[in-house]
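Inspection log for the structure reproduced underneath, given as structure tokens.
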Amino acid sequence: MNLRRHALDDRTEEINRNAVQAVREAAGDRAYVSASMGPCGAILKPYGDVEEEEVYASFLRQARALAEAGSNLFCVETMSDLREAVLAVRAAKTAAPELPVVATMTFESTPRGFYTIMGTGVEAACSGLEEAGADLVGTNCGFGIETMVELAGVFALHAAVPVVVQSNAGIPENRGGEVVYPESPAFMADHVPALIALGVAVVGGCCGTTPEHIRAIRRVVDATQGPSSPG
């Protein structure tokens, strides 16, 4: 649905197919291709003006294109509305039942605990996403690595499937007109053992992370659990 704003709706399949092919060419056989499915950019009724059926159809169209292009898994991410996330997970499972689906939501820290801006707590997120068919659940964006460790602990209490955590490299700061993410690769990597100790199955990076952040995380994972490969 986001492509519609730019008059590119008729190129949905082409754009998604080319994205997968570009990543496949760059990664070769060194990595899996994770197909990202983010928020549609509209708000579901009754708070907004779009119907669930329209959003589901849009996700289904995208998921089919991504699967046909050769994605290895889907990543429904940066979601704040559980209903929208559920629609995306169901669409992915309908398009390619054989592919794993990761589903991560973005939370805020409140006096009552962690909630999305739409009011979904961790327990409800886990339950809803798992019921929809997500193979892995978790969180991305929103926080630096220290708060993500705390949030991961809550997921560990409620998730019945493996947990995924993809942290920002800190909270962005404006330094002389330039947006800077303050957490270094070493700083993020130092907190990975705590995530692993909580049972987190997949550790990645979101906003502000660079290839060096991912390499630093990978080195800690390998040192803790032994090397792994996508093959």
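Chains: A, B, ... in order of the structure tokens. Residues: from 1 per chain. Ligands: from 1, in order shown.
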Per DSSP on the backbone, what are the alpha helix (DSSP H) residues of stretch 43-211 of chain A, as a ChimeraX atom specification? /A:52-68,82-95,122-132,145-158,185-190,192-197,211
Contacts of A:Glu84 within 9 Å, only C-alpha atoms, excl. fewer than 6 positions in-chain, as a VMD selection string: chain A and resid 39 to 40 43 to 44 52 55 to 56
As a ChimeraX atom specification, please: all residues of stretch 16-109 of chain A that backbone DSSP puts in strand (DSSP E). /A:34-37,73-79,101-105,108-109
Distance of atom CA of A:Ala96 from atom CA of A:Val164, expressed in Å to one decimal place: 20.8 Å
Near-A:Leu195 list (10 Å; only C-alpha atoms; drop same-chain fewer than 4 positions) as an MDAnalysis selection string: chainID A and resid 145:146 148:153 156 163:165 191 199:203
Just write the chosen residues, C-alpha atoms, as a compact mmCIF listing (two decimals), in the first residue's frame.
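Writing the result to part_0.txt gives the following:
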# COMPACT_ATOMS: atom_id res chain seq x y z
CA ILE A 145 20.81 -2.67 23.26
CA GLU A 146 20.59 -2.16 27.05
CA MET A 148 16.46 -4.46 24.53
CA VAL A 149 18.00 -6.85 27.05
CA GLU A 150 15.30 -5.84 29.53
CA LEU A 151 12.58 -6.24 26.90
CA ALA A 152 13.98 -9.62 25.87
CA GLY A 153 13.51 -10.77 29.43
CA ALA A 156 11.33 -14.88 27.50
CA VAL A 163 12.64 -15.01 20.20
CA VAL A 164 14.29 -12.47 17.88
CA VAL A 165 15.86 -9.19 19.03
CA HIS A 191 25.43 -7.16 25.63
CA GLY A 199 17.28 -17.70 25.46
CA VAL A 200 17.11 -15.27 22.53
CA ALA A 201 17.50 -17.33 19.37
CA VAL A 202 18.31 -14.62 16.82
CA VAL A 203 20.24 -11.41 17.50
Contacts of A:Ala42 within 10 Å, only C-alpha atoms, excl. fewer than 6 positions in-chain, as a list in words: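 Final neighbour list, sorted by chain and number: Met1, Asn2, Gly48, Asp49, Val50, Glu51, Val55 and Glu84 of chain A.
For A:Val76, the set of protein, DNA and RNA residues having any atom at most 9 Å away, when counting only C-alpha atoms and skipping those fewer than 6 positions along the same chain, is Ala35, Ser36, Met37, Gly38, Pro39, Ala85, Ala88, Val89, Ala92, Val101, Val102, Ala103, Thr104 and Met105 of chain A.
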Which residues, written as a PyMOL selection string, have at least one atom at most 9 Å from stretch 205-208 of chain A, with only C-alpha atoms counted and residues fewer than 3 positions away on the same chain left out? chain A and resi 140-142+165-172+180-183+213-214+217
Give me a file of those residues, with C-alpha atoms, as a short mmCIF file (atom, residue, chain, number, x, y, z; two decimals), in the first residue's frame.
data_model
loop_
_atom_site.label_atom_id
_atom_site.label_comp_id
_atom_site.auth_asym_id
_atom_site.auth_seq_id
_atom_site.Cartn_x
_atom_site.Cartn_y
_atom_site.Cartn_z
CA ASN A 140 13.06 -4.53 16.59
CA CYS A 141 13.81 -0.79 16.59
CA GLY A 142 12.81 1.65 19.31
CA VAL A 165 15.86 -9.19 19.03
CA GLN A 166 17.07 -6.53 16.59
CA SER A 167 18.28 -3.47 18.46
CA ASN A 168 19.07 0.02 17.26
CA ALA A 169 22.63 1.23 17.74
CA GLY A 170 21.30 3.45 20.50
CA ILE A 171 18.90 6.37 20.37
CA PRO A 172 19.80 8.77 17.53
CA VAL A 180 24.42 9.86 14.93
CA TYR A 181 23.66 6.51 16.55
CA PRO A 182 25.94 6.39 19.61
CA GLU A 183 26.38 2.68 20.33
CA HIS A 213 28.03 -4.09 14.22
CA ILE A 214 26.76 -7.33 12.70
CA ILE A 217 27.59 -9.56 17.15
#
Identify, on the basis of only C-alpha atoms, every residue whose closest approach to A:Gln225 does not exceed 12 Å; exclude the query and any residue fewer than 5 positions from it along the same chain; express the result as a list in words.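 The residues that qualify are Val192, Pro193, Ile196, Ala197, Gly199, Ala201, Arg218, Arg219 and Val220 of chain A.
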So the first atom is atom CA of A:Ala124 and the second is atom CA of A:Met79; what is the distance between them in Å, to one decimal place?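 According to the coordinates, atom CA of A:Ala124 and atom CA of A:Met79 are separated by 13.4 Å.
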Given only C-alpha atoms as the basis, pick out the residue of A:Thr78, A:Ser58, A:Cys126, A:Arg112 nearest to A:Ala95.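 Between A:Thr78, A:Ser58, A:Cys126, A:Arg112, the residue approaching A:Ala95 most closely is A:Ser58.
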In Å, rounded to a single decimal, give me how far atom CA of A:Ser80 is from atom CA of A:Ile117.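 So the two atoms, atom CA of A:Ile117 and atom CA of A:Ser80, lie 6.1 Å apart.
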